[in-house]
Amino acid sequence: MTDLEKGKTNAIISYLHIIGCIIAMVMNSDAEKKSAFASFHIRQSLGLTLLSMLLGSTISNFDSWYVTGPFYLFFIVLWTYGFIGAIQGQMNMIPLLGPFFQKLFKGL
């Protein structure tokens, strides 16, 4: 069984918000079943999720769709990019933020 086959399910699960990230981290923590592919996508999705929650709590205070709309659209596009990459078995970093997330969460 290849690394991609072992980790694809965990990679997809990791994009299901914070609960999915936690579940994927637990499932990928076993040394025998650990997958570099899953770890890559867990780092990407965890970074996206935490950043969107952190910035979203501030942005949501604005009572204008002109401010909140582009913010949420930006994160939906990035999330979709990562999710489709996980489904297709690709390790493409999320534009702009991907390398930062890989460095920040390198211990996962």
# chains A, B, ... in the order shown; residues from 1 in each chain; ligands from 1
$ residues_around --residues "Ile42 (chain A)" --least-positions-apart "3" --cutoff "8 Å" --atoms "only C-alpha atoms" --output "PyMOL selection string"
chain A and resi 10-11+14-15+21+24-25+38-39+45-46+108
$ residues_around --residues "Phe100 (chain A)" --least-positions-apart "2" --cutoff "12 Å" --atoms "only C-alpha atoms" --output "PDB file with all heavy atoms, in the first residue's frame"
ATOM      1  N   ARG A  43      -1.649  19.756   7.817  1.00  0.00           N
ATOM      2  CA  ARG A  43      -1.030  21.066   8.086  1.00  0.00           C
ATOM      3  C   ARG A  43      -1.713  22.177   7.296  1.00  0.00           C
ATOM      4  O   ARG A  43      -1.961  23.267   7.822  1.00  0.00           O
ATOM      5  CB  ARG A  43       0.465  21.016   7.761  1.00  0.00           C
ATOM      6  CG  ARG A  43       1.269  20.191   8.737  1.00  0.00           C
ATOM      7  CD  ARG A  43       2.762  20.347   8.521  1.00  0.00           C
ATOM      8  NE  ARG A  43       3.228  19.766   7.276  1.00  0.00           N
ATOM      9  CZ  ARG A  43       3.672  18.521   7.141  1.00  0.00           C
ATOM     10  NH1 ARG A  43       3.714  17.721   8.186  1.00  0.00           N
ATOM     11  NH2 ARG A  43       4.091  18.089   5.972  1.00  0.00           N
ATOM     12  N   GLN A  44      -2.024  21.916   6.033  1.00  0.00           N
ATOM     13  CA  GLN A  44      -2.678  22.923   5.201  1.00  0.00           C
ATOM     14  C   GLN A  44      -4.073  23.261   5.734  1.00  0.00           C
ATOM     15  O   GLN A  44      -4.427  24.429   5.890  1.00  0.00           O
ATOM     16  CB  GLN A  44      -2.788  22.420   3.753  1.00  0.00           C
ATOM     17  CG  GLN A  44      -1.466  22.212   3.056  1.00  0.00           C
ATOM     18  CD  GLN A  44      -0.766  23.500   2.720  1.00  0.00           C
ATOM     19  OE1 GLN A  44      -1.233  24.287   1.912  1.00  0.00           O
ATOM     20  NE2 GLN A  44       0.366  23.735   3.348  1.00  0.00           N
ATOM     21  N   LEU A  46      -5.385  22.625   8.750  1.00  0.00           N
ATOM     22  CA  LEU A  46      -5.347  23.191  10.103  1.00  0.00           C
ATOM     23  C   LEU A  46      -5.003  24.673  10.048  1.00  0.00           C
ATOM     24  O   LEU A  46      -5.627  25.493  10.731  1.00  0.00           O
ATOM     25  CB  LEU A  46      -4.344  22.435  10.969  1.00  0.00           C
ATOM     26  CG  LEU A  46      -4.230  22.882  12.413  1.00  0.00           C
ATOM     27  CD1 LEU A  46      -5.551  22.672  13.150  1.00  0.00           C
ATOM     28  CD2 LEU A  46      -3.115  22.127  13.119  1.00  0.00           C
ATOM     29  N   GLY A  47      -4.033  25.032   9.229  1.00  0.00           N
ATOM     30  CA  GLY A  47      -3.680  26.438   9.075  1.00  0.00           C
ATOM     31  C   GLY A  47      -4.831  27.268   8.545  1.00  0.00           C
ATOM     32  O   GLY A  47      -5.133  28.347   9.062  1.00  0.00           O
ATOM     33  N   LEU A  48      -5.497  26.764   7.512  1.00  0.00           N
ATOM     34  CA  LEU A  48      -6.653  27.478   6.956  1.00  0.00           C
ATOM     35  C   LEU A  48      -7.770  27.630   7.984  1.00  0.00           C
ATOM     36  O   LEU A  48      -8.359  28.699   8.118  1.00  0.00           O
ATOM     37  CB  LEU A  48      -7.210  26.726   5.748  1.00  0.00           C
ATOM     38  CG  LEU A  48      -6.692  27.085   4.388  1.00  0.00           C
ATOM     39  CD1 LEU A  48      -7.364  26.237   3.328  1.00  0.00           C
ATOM     40  CD2 LEU A  48      -6.863  28.540   4.090  1.00  0.00           C
ATOM     41  N   LEU A  51      -6.692  30.072  10.882  1.00  0.00           N
ATOM     42  CA  LEU A  51      -6.605  31.452  10.402  1.00  0.00           C
ATOM     43  C   LEU A  51      -7.986  32.016  10.088  1.00  0.00           C
ATOM     44  O   LEU A  51      -8.280  33.167  10.424  1.00  0.00           O
ATOM     45  CB  LEU A  51      -5.705  31.537   9.172  1.00  0.00           C
ATOM     46  CG  LEU A  51      -5.390  32.945   8.687  1.00  0.00           C
ATOM     47  CD1 LEU A  51      -4.630  33.721   9.753  1.00  0.00           C
ATOM     48  CD2 LEU A  51      -4.573  32.878   7.399  1.00  0.00           C
ATOM     49  N   MET A  93       0.572  23.113  -2.531  1.00  0.00           N
ATOM     50  CA  MET A  93       0.406  24.039  -1.411  1.00  0.00           C
ATOM     51  C   MET A  93      -0.659  25.071  -1.736  1.00  0.00           C
ATOM     52  O   MET A  93      -0.797  25.490  -2.883  1.00  0.00           O
ATOM     53  CB  MET A  93       1.718  24.734  -1.091  1.00  0.00           C
ATOM     54  CG  MET A  93       2.695  23.852  -0.418  1.00  0.00           C
ATOM     55  SD  MET A  93       3.967  24.821   0.373  1.00  0.00           S
ATOM     56  CE  MET A  93       5.172  23.553   0.637  1.00  0.00           C
ATOM     57  N   ILE A  94      -1.367  25.475  -0.712  1.00  0.00           N
ATOM     58  CA  ILE A  94      -2.385  26.509  -0.855  1.00  0.00           C
ATOM     59  C   ILE A  94      -1.674  27.811  -1.225  1.00  0.00           C
ATOM     60  O   ILE A  94      -0.673  28.168  -0.603  1.00  0.00           O
ATOM     61  CB  ILE A  94      -3.180  26.647   0.452  1.00  0.00           C
ATOM     62  CG1 ILE A  94      -3.991  25.377   0.668  1.00  0.00           C
ATOM     63  CG2 ILE A  94      -4.066  27.867   0.438  1.00  0.00           C
ATOM     64  CD1 ILE A  94      -4.632  25.278   2.009  1.00  0.00           C
ATOM     65  N   PRO A  95      -2.169  28.522  -2.226  1.00  0.00           N
ATOM     66  CA  PRO A  95      -1.514  29.771  -2.634  1.00  0.00           C
ATOM     67  C   PRO A  95      -1.395  30.766  -1.483  1.00  0.00           C
ATOM     68  O   PRO A  95      -2.277  30.850  -0.629  1.00  0.00           O
ATOM     69  CB  PRO A  95      -2.436  30.319  -3.725  1.00  0.00           C
ATOM     70  CG  PRO A  95      -3.181  29.143  -4.233  1.00  0.00           C
ATOM     71  CD  PRO A  95      -3.318  28.208  -3.062  1.00  0.00           C
ATOM     72  N   LEU A  96      -0.317  31.480  -1.468  1.00  0.00           N
ATOM     73  CA  LEU A  96       0.003  32.538  -0.516  1.00  0.00           C
ATOM     74  C   LEU A  96       0.347  32.025   0.876  1.00  0.00           C
ATOM     75  O   LEU A  96       1.320  32.444   1.478  1.00  0.00           O
ATOM     76  CB  LEU A  96      -1.133  33.561  -0.392  1.00  0.00           C
ATOM     77  CG  LEU A  96      -1.572  34.262  -1.667  1.00  0.00           C
ATOM     78  CD1 LEU A  96      -2.815  35.088  -1.402  1.00  0.00           C
ATOM     79  CD2 LEU A  96      -0.457  35.127  -2.203  1.00  0.00           C
ATOM     80  N   LEU A  97      -0.429  31.123   1.421  1.00  0.00           N
ATOM     81  CA  LEU A  97      -0.295  30.734   2.823  1.00  0.00           C
ATOM     82  C   LEU A  97       0.293  29.339   3.031  1.00  0.00           C
ATOM     83  O   LEU A  97       0.742  29.022   4.130  1.00  0.00           O
ATOM     84  CB  LEU A  97      -1.664  30.805   3.507  1.00  0.00           C
ATOM     85  CG  LEU A  97      -2.362  32.154   3.445  1.00  0.00           C
ATOM     86  CD1 LEU A  97      -3.803  32.033   3.916  1.00  0.00           C
ATOM     87  CD2 LEU A  97      -1.612  33.167   4.271  1.00  0.00           C
ATOM     88  N   GLY A  98       0.287  28.501   2.023  1.00  0.00           N
ATOM     89  CA  GLY A  98       0.711  27.113   2.148  1.00  0.00           C
ATOM     90  C   GLY A  98       2.103  26.913   2.726  1.00  0.00           C
ATOM     91  O   GLY A  98       2.280  26.130   3.660  1.00  0.00           O
ATOM     92  N   GLN A 102       3.102  25.019   6.327  1.00  0.00           N
ATOM     93  CA  GLN A 102       4.003  23.869   6.391  1.00  0.00           C
ATOM     94  C   GLN A 102       5.120  24.093   7.413  1.00  0.00           C
ATOM     95  O   GLN A 102       5.488  23.182   8.134  1.00  0.00           O
ATOM     96  CB  GLN A 102       4.599  23.573   5.009  1.00  0.00           C
ATOM     97  CG  GLN A 102       3.613  23.032   4.003  1.00  0.00           C
ATOM     98  CD  GLN A 102       2.983  21.726   4.435  1.00  0.00           C
ATOM     99  OE1 GLN A 102       3.626  20.803   4.896  1.00  0.00           O
ATOM    100  NE2 GLN A 102       1.668  21.640   4.292  1.00  0.00           N
ATOM    101  N   LYS A 103       5.637  25.306   7.470  1.00  0.00           N
ATOM    102  CA  LYS A 103       6.693  25.620   8.449  1.00  0.00           C
ATOM    103  C   LYS A 103       6.128  25.678   9.862  1.00  0.00           C
ATOM    104  O   LYS A 103       6.743  25.184  10.804  1.00  0.00           O
ATOM    105  CB  LYS A 103       7.346  26.957   8.107  1.00  0.00           C
ATOM    106  CG  LYS A 103       8.224  26.934   6.895  1.00  0.00           C
ATOM    107  CD  LYS A 103       8.794  28.303   6.628  1.00  0.00           C
ATOM    108  CE  LYS A 103       9.446  28.361   5.273  1.00  0.00           C
ATOM    109  NZ  LYS A 103       9.858  29.722   4.922  1.00  0.00           N
ATOM    110  N   LEU A 104       4.981  26.315  10.014  1.00  0.00           N
ATOM    111  CA  LEU A 104       4.384  26.518  11.335  1.00  0.00           C
ATOM    112  C   LEU A 104       3.996  25.201  12.003  1.00  0.00           C
ATOM    113  O   LEU A 104       4.213  25.018  13.199  1.00  0.00           O
ATOM    114  CB  LEU A 104       3.162  27.435  11.216  1.00  0.00           C
ATOM    115  CG  LEU A 104       2.483  27.846  12.512  1.00  0.00           C
ATOM    116  CD1 LEU A 104       3.427  28.688  13.369  1.00  0.00           C
ATOM    117  CD2 LEU A 104       1.215  28.629  12.207  1.00  0.00           C
ATOM    118  N   PHE A 105       3.450  24.283  11.236  1.00  0.00           N
ATOM    119  CA  PHE A 105       2.965  23.013  11.788  1.00  0.00           C
ATOM    120  C   PHE A 105       3.831  21.836  11.382  1.00  0.00           C
ATOM    121  O   PHE A 105       3.347  20.725  11.229  1.00  0.00           O
ATOM    122  CB  PHE A 105       1.510  22.779  11.336  1.00  0.00           C
ATOM    123  CG  PHE A 105       0.559  23.852  11.752  1.00  0.00           C
ATOM    124  CD1 PHE A 105      -0.082  24.628  10.799  1.00  0.00           C
ATOM    125  CD2 PHE A 105       0.307  24.094  13.088  1.00  0.00           C
ATOM    126  CE1 PHE A 105      -0.972  25.624  11.174  1.00  0.00           C
ATOM    127  CE2 PHE A 105      -0.567  25.101  13.466  1.00  0.00           C
ATOM    128  CZ  PHE A 105      -1.210  25.862  12.513  1.00  0.00           C
ATOM    129  N   LYS A 106       5.143  22.052  11.225  1.00  0.00           N
ATOM    130  CA  LYS A 106       6.023  20.991  10.744  1.00  0.00           C
ATOM    131  C   LYS A 106       6.106  19.791  11.684  1.00  0.00           C
ATOM    132  O   LYS A 106       6.470  18.710  11.277  1.00  0.00           O
ATOM    133  CB  LYS A 106       7.413  21.523  10.447  1.00  0.00           C
ATOM    134  CG  LYS A 106       8.157  22.011  11.663  1.00  0.00           C
ATOM    135  CD  LYS A 106       9.502  22.595  11.283  1.00  0.00           C
ATOM    136  CE  LYS A 106      10.113  23.268  12.495  1.00  0.00           C
ATOM    137  NZ  LYS A 106      11.204  24.128  12.138  1.00  0.00           N
TER     138      LYS A 106
END
$ select_by_dssp --residues "chain A" --states "helix (DSSP H, G or I)" --output "VMD selection string"
chain A and resid 3 to 13 17 to 27 36 to 59 65 to 88 98 to 104
$ atom_distance --atom1 "CA of Ser35 (chain A)" --atom2 "CA of Ile84 (chain A)"
18.2 Å
$ closest_residue --among "A:Ile87, A:Met53, A:Phe40, A:Val67" --to "Pro99 (chain A)" --atoms "only C-alpha atoms"
A:Phe40
$ atom_distance --atom1 "CA of Gly69 (chain A)" --atom2 "CA of Ser52 (chain A)"
13.0 Å
$ atom_distance --atom1 "CA of Asp3 (chain A)" --atom2 "CA of Trp79 (chain A)"
22.6 Å
$ closest_residue --among "A:Leu4, A:Leu50, A:Leu55, A:Leu16" --to "Lys34 (chain A)" --atoms "only C-alpha atoms"
A:Leu4
